[in-house]
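Remarks on the structure that follows.
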Amino acid sequence: MTAARASSGNALAPGSTGVDRAAITRAQVALVAVSTALQLAALAFAGNSLAAGTTARQVFSTVEMVLVVALVLVAVAIVRWAADQPAPAATVARLTLASVILCTLGDFINRNYPGHSYQWDEVIRHSYLVTSIVAFAPGYALVVVANRRATAAVVPVRTAGMTVVVAAVLGLGGFVTSYDPAVAAAANVAMAVYAMVLGALAGSCLWLGRTYGWRSSAVVVAGCLLAVVADWLIATFWIHGTGYPTVEHANWIIYFASLAMIARLPFLVADGRSPARGTTPRKR
């Protein structure tokens, strides 16, 4: 009991790097609150003033990017904090930072500053959403890798592999439900691959629940699942639907929160498992 308390205390307190975990949490909460308020304000008051190509749209998109870059800086702080933690937490922190950076690149593409449309074919007007897959797919794949690294001591390799295969097939099945043969073959392939990555991301949540307990891992699991929901909104109401621009704001609220939640994975690892101290994940 004493060792467990000491482990928890060390995880909460600033270490030799001087990075305060509580301050990181406050920063994440503040960023999510500001981002959500921004999108709700746009939904309530912007109307058509944020149409593509307008100055207002460019400014709004830039504010969104500033918020995402702030999340990257928070992820950097988490890497610094994790430097005082056992190896699994430090490794996971670096993986999640790389994921957030790749997603930020995807966000930049999706801000569509050049005003691109119909880049792939004459069907998908918001073609930049497909283009951004080149950043989001590896970004979320890194989260799957991080989840695996965080749970490798408990979840067997065979179980993890079967989870990825089954979840990827289910993700591909989700893509098939919205498949449009009129869409360019390359775009369809990109979306199919991305659907499998998202399926694997959702499936990897099972590893977290098994390793750390569903209550302890709830925030990170919710982040992974919300990321999938955010992209489902894009596929259903943006790429293939007519929900734009409303869906853009709804998507951003969910997506931004998910990114902040996923970035907390190193905290889960540090709290729930500490091999260097001889402790193991709590069973629930």
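Going through the structure tokens in order, the chains are called A, B, and so on, while each chain numbers its residues from 1 and the ligands are numbered from 1 in the order shown.
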Env of Arg80 of chain A: 10 Å cut, atoms = only C-alpha atoms, seq-sep filter 2 positions within chain, self excluded. Answer as a ChimeraX atom specification. /A:15-20,74-78,82-85,90,93-94
Selection: 12 Å around Ser61 of chain A, only C-alpha atoms, excl. self and same-chain fewer than 2 positions, as a PyMOL selection string: chain A and resi 35+38-39+42+50-59+63-68+107-113+248-249+252
Report as a VMD selection string: the residues of segment 71-245 of chain A with a DSSP assignment of alpha helix (DSSP H), based on the backbone of this structure. chain A and resid 71 to 82 87 to 110 128 to 131 133 to 151 157 to 176 185 to 203 205 to 212 218 to 234
Preceding selection exported with C-alpha atoms as a short mmCIF file (atom, residue, chain, number, x, y, z; two decimals), in the first residue's frame:
```
data_model
loop_
_atom_site.label_atom_id
_atom_site.label_comp_id
_atom_site.auth_asym_id
_atom_site.auth_seq_id
_atom_site.Cartn_x
_atom_site.Cartn_y
_atom_site.Cartn_z
CA LEU A 71 -2.09 21.18 -27.73
CA VAL A 72 1.21 20.19 -29.34
CA LEU A 73 3.06 22.34 -26.80
CA VAL A 74 1.11 20.64 -24.00
CA ALA A 75 2.11 17.26 -25.44
CA VAL A 76 5.73 18.43 -25.38
CA ALA A 77 5.28 19.29 -21.69
CA ILE A 78 3.92 15.79 -21.10
CA VAL A 79 7.04 14.31 -22.72
CA ARG A 80 9.17 16.40 -20.36
CA TRP A 81 7.07 15.30 -17.40
CA ALA A 82 7.33 11.66 -18.47
CA ALA A 87 10.40 3.79 -19.50
CA PRO A 88 6.89 2.77 -20.65
CA ALA A 89 5.41 6.17 -19.77
CA ALA A 90 8.28 8.04 -21.42
CA THR A 91 8.02 5.98 -24.60
CA VAL A 92 4.25 6.37 -24.76
CA ALA A 93 4.59 10.14 -24.26
CA ARG A 94 6.89 10.41 -27.28
CA LEU A 95 4.52 8.34 -29.40
CA THR A 96 1.51 10.46 -28.46
CA LEU A 97 3.46 13.65 -29.17
CA ALA A 98 4.32 12.35 -32.65
CA SER A 99 0.64 11.49 -33.14
CA VAL A 100 -0.51 14.98 -32.16
CA ILE A 101 2.04 16.55 -34.51
CA LEU A 102 0.84 14.43 -37.44
CA CYS A 103 -2.79 15.26 -36.64
CA THR A 104 -1.83 18.94 -36.55
CA LEU A 105 -0.47 18.56 -40.07
CA GLY A 106 -3.78 16.97 -41.06
CA ASP A 107 -5.62 19.89 -39.49
CA PHE A 108 -3.53 22.34 -41.49
CA ILE A 109 -4.47 20.53 -44.71
CA ASN A 110 -8.13 20.57 -43.69
CA TYR A 128 -8.80 18.17 -48.87
CA LEU A 129 -10.48 15.88 -46.34
CA VAL A 130 -9.19 12.91 -48.31
CA THR A 131 -5.77 14.48 -48.79
CA ILE A 133 -5.55 11.17 -44.57
CA VAL A 134 -1.84 11.06 -45.40
CA ALA A 135 -1.27 12.71 -41.98
CA PHE A 136 -4.18 11.42 -39.92
CA ALA A 137 -3.75 7.73 -40.80
CA PRO A 138 -0.16 7.45 -39.49
CA GLY A 139 -1.10 9.78 -36.63
CA TYR A 140 -3.79 7.47 -35.32
CA ALA A 141 -1.71 4.40 -36.16
CA LEU A 142 0.86 5.77 -33.71
CA VAL A 143 -1.86 5.90 -31.04
CA VAL A 144 -2.51 2.20 -31.66
CA VAL A 145 1.23 1.57 -31.25
CA ALA A 146 1.25 3.65 -28.05
CA ASN A 147 -1.73 1.72 -26.68
CA ARG A 148 0.07 -1.51 -27.48
CA ARG A 149 3.26 -0.31 -25.79
CA ALA A 150 1.24 0.70 -22.74
CA THR A 151 -0.40 -2.72 -22.43
CA VAL A 157 0.89 -10.52 -28.71
CA ARG A 158 -1.57 -12.97 -30.24
CA THR A 159 -4.54 -11.31 -28.56
CA ALA A 160 -3.38 -7.87 -29.66
CA GLY A 161 -2.87 -9.07 -33.22
CA MET A 162 -6.31 -10.67 -33.40
CA THR A 163 -7.86 -7.49 -32.03
CA VAL A 164 -6.23 -5.37 -34.72
CA VAL A 165 -7.28 -7.74 -37.52
CA VAL A 166 -10.90 -8.04 -36.39
CA ALA A 167 -11.25 -4.32 -35.66
CA ALA A 168 -9.67 -3.37 -38.99
CA VAL A 169 -12.09 -5.65 -40.85
CA LEU A 170 -15.00 -4.06 -39.00
CA GLY A 171 -13.64 -0.62 -39.91
CA LEU A 172 -13.43 -1.68 -43.54
CA GLY A 173 -17.04 -2.84 -43.29
CA GLY A 174 -17.99 0.62 -42.13
CA PHE A 175 -16.31 2.10 -45.18
CA VAL A 176 -18.21 -0.28 -47.47
CA ALA A 185 -10.17 4.78 -57.02
CA ALA A 186 -7.21 6.37 -55.19
CA ALA A 187 -9.56 8.32 -52.90
CA ASN A 188 -11.58 5.19 -52.14
CA VAL A 189 -8.42 3.24 -51.32
CA ALA A 190 -7.21 6.02 -49.01
CA MET A 191 -10.54 6.13 -47.19
CA ALA A 192 -10.66 2.32 -46.92
CA VAL A 193 -7.20 2.18 -45.36
CA TYR A 194 -8.10 5.02 -43.01
CA ALA A 195 -11.27 3.22 -41.95
CA MET A 196 -9.18 0.19 -41.00
CA VAL A 197 -6.82 2.35 -38.96
CA LEU A 198 -9.77 3.88 -37.11
CA GLY A 199 -11.15 0.40 -36.49
CA ALA A 200 -7.82 -0.65 -35.00
CA LEU A 201 -7.81 2.50 -32.86
CA ALA A 202 -11.21 1.63 -31.42
CA GLY A 203 -10.21 -2.00 -30.92
CA CYS A 205 -9.26 0.41 -26.30
CA LEU A 206 -9.93 -3.19 -25.22
CA TRP A 207 -6.25 -3.50 -24.29
CA LEU A 208 -6.43 -0.41 -22.09
CA GLY A 209 -9.54 -1.62 -20.29
CA ARG A 210 -8.02 -5.03 -19.67
CA THR A 211 -4.71 -3.63 -18.44
CA TYR A 212 -5.74 -0.66 -16.32
CA ALA A 218 -11.99 5.97 -19.20
CA VAL A 219 -10.55 9.32 -20.33
CA VAL A 220 -8.07 7.84 -22.80
CA VAL A 221 -10.58 5.27 -24.07
CA ALA A 222 -13.16 8.03 -24.55
CA GLY A 223 -10.56 10.04 -26.47
CA CYS A 224 -9.87 7.16 -28.86
CA LEU A 225 -13.57 6.49 -29.43
CA LEU A 226 -14.40 10.17 -29.88
CA ALA A 227 -11.71 10.40 -32.56
CA VAL A 228 -13.53 7.63 -34.42
CA VAL A 229 -16.88 9.39 -33.96
CA ALA A 230 -15.41 12.66 -35.26
CA ASP A 231 -14.27 10.98 -38.47
CA TRP A 232 -17.59 9.17 -38.81
CA LEU A 233 -19.26 12.59 -38.83
CA ILE A 234 -16.89 13.70 -41.59
#
```
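Computed from the coordinates, the atom CA of Asp121 of chain A to atom CA of Val183 of chain A distance equals 6.4 Å.
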Find the residues near Ile239 of chain A: any atom within 9 Å, counting only C-alpha atoms, skip ones fewer than 2 places away on the same chain, and give them as a list in words. Ile124, Arg125, His126, Ser127, Leu129, Val130, Ile234, Ala235, Thr236, Phe237, Gly241, Thr242 and Tyr244 of chain A
Since we have the selection now, will you write its residues out, keeping N, CA and C atoms, as a PDB file, in the first residue's frame?
```pdb
ATOM      1  N   ILE A 124     -16.241  14.398 -54.972  1.00  0.00           N
ATOM      2  CA  ILE A 124     -15.944  14.901 -53.628  1.00  0.00           C
ATOM      3  C   ILE A 124     -15.489  16.356 -53.709  1.00  0.00           C
ATOM      4  N   ARG A 125     -16.367  17.246 -53.338  1.00  0.00           N
ATOM      5  CA  ARG A 125     -16.034  18.675 -53.380  1.00  0.00           C
ATOM      6  C   ARG A 125     -14.959  19.010 -52.346  1.00  0.00           C
ATOM      7  N   HIS A 126     -15.144  18.529 -51.117  1.00  0.00           N
ATOM      8  CA  HIS A 126     -14.190  18.835 -50.046  1.00  0.00           C
ATOM      9  C   HIS A 126     -13.042  17.822 -50.100  1.00  0.00           C
ATOM     10  N   SER A 127     -12.295  17.873 -51.189  1.00  0.00           N
ATOM     11  CA  SER A 127     -11.274  16.871 -51.459  1.00  0.00           C
ATOM     12  C   SER A 127     -10.109  16.912 -50.476  1.00  0.00           C
ATOM     13  N   LEU A 129     -10.228  16.833 -47.412  1.00  0.00           N
ATOM     14  CA  LEU A 129     -10.477  15.883 -46.337  1.00  0.00           C
ATOM     15  C   LEU A 129      -9.840  14.530 -46.641  1.00  0.00           C
ATOM     16  N   VAL A 130      -9.842  14.155 -47.903  1.00  0.00           N
ATOM     17  CA  VAL A 130      -9.194  12.912 -48.314  1.00  0.00           C
ATOM     18  C   VAL A 130      -7.679  13.084 -48.292  1.00  0.00           C
ATOM     19  N   ILE A 234     -17.452  13.190 -40.333  1.00  0.00           N
ATOM     20  CA  ILE A 234     -16.893  13.703 -41.589  1.00  0.00           C
ATOM     21  C   ILE A 234     -17.327  12.845 -42.766  1.00  0.00           C
ATOM     22  N   ALA A 235     -17.189  11.518 -42.609  1.00  0.00           N
ATOM     23  CA  ALA A 235     -17.522  10.611 -43.712  1.00  0.00           C
ATOM     24  C   ALA A 235     -18.999  10.660 -44.057  1.00  0.00           C
ATOM     25  N   THR A 236     -19.845  10.785 -43.039  1.00  0.00           N
ATOM     26  CA  THR A 236     -21.285  10.698 -43.255  1.00  0.00           C
ATOM     27  C   THR A 236     -21.904  12.018 -43.708  1.00  0.00           C
ATOM     28  N   PHE A 237     -21.475  13.117 -43.103  1.00  0.00           N
ATOM     29  CA  PHE A 237     -22.160  14.400 -43.333  1.00  0.00           C
ATOM     30  C   PHE A 237     -21.317  15.455 -44.047  1.00  0.00           C
ATOM     31  N   GLY A 241     -22.001  13.751 -47.528  1.00  0.00           N
ATOM     32  CA  GLY A 241     -23.279  14.343 -47.158  1.00  0.00           C
ATOM     33  C   GLY A 241     -23.346  15.819 -47.440  1.00  0.00           C
ATOM     34  N   THR A 242     -24.398  16.449 -46.944  1.00  0.00           N
ATOM     35  CA  THR A 242     -24.621  17.878 -47.187  1.00  0.00           C
ATOM     36  C   THR A 242     -24.705  18.659 -45.879  1.00  0.00           C
ATOM     37  N   TYR A 244     -22.261  20.199 -44.300  1.00  0.00           N
ATOM     38  CA  TYR A 244     -21.310  21.313 -44.180  1.00  0.00           C
ATOM     39  C   TYR A 244     -22.052  22.647 -44.273  1.00  0.00           C
TER      40      TYR A 244
END
```
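Counting only C-alpha atoms, the residue from A:Pro114, A:Pro266, A:Gly272, A:Pro156 that sits nearest to Gly213 of chain A is A:Gly272.
For the choices A:Ala263, A:Ala270, A:Ile253, A:Val247, the atom-to-atom distance to Val34 of chain A is smallest for A:Ile253 when using only C-alpha atoms.
Here atom CA of Gly243 of chain A stands at a distance of 26.9 Å from atom CA of Val69 of chain A.
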Could you check how far atom CA of Pro86 of chain A sits from atom CA of Leu259 of chain A, in Å to one decimal?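 Result for atom CA of Pro86 of chain A versus atom CA of Leu259 of chain A: 23.3 Å, one decimal.
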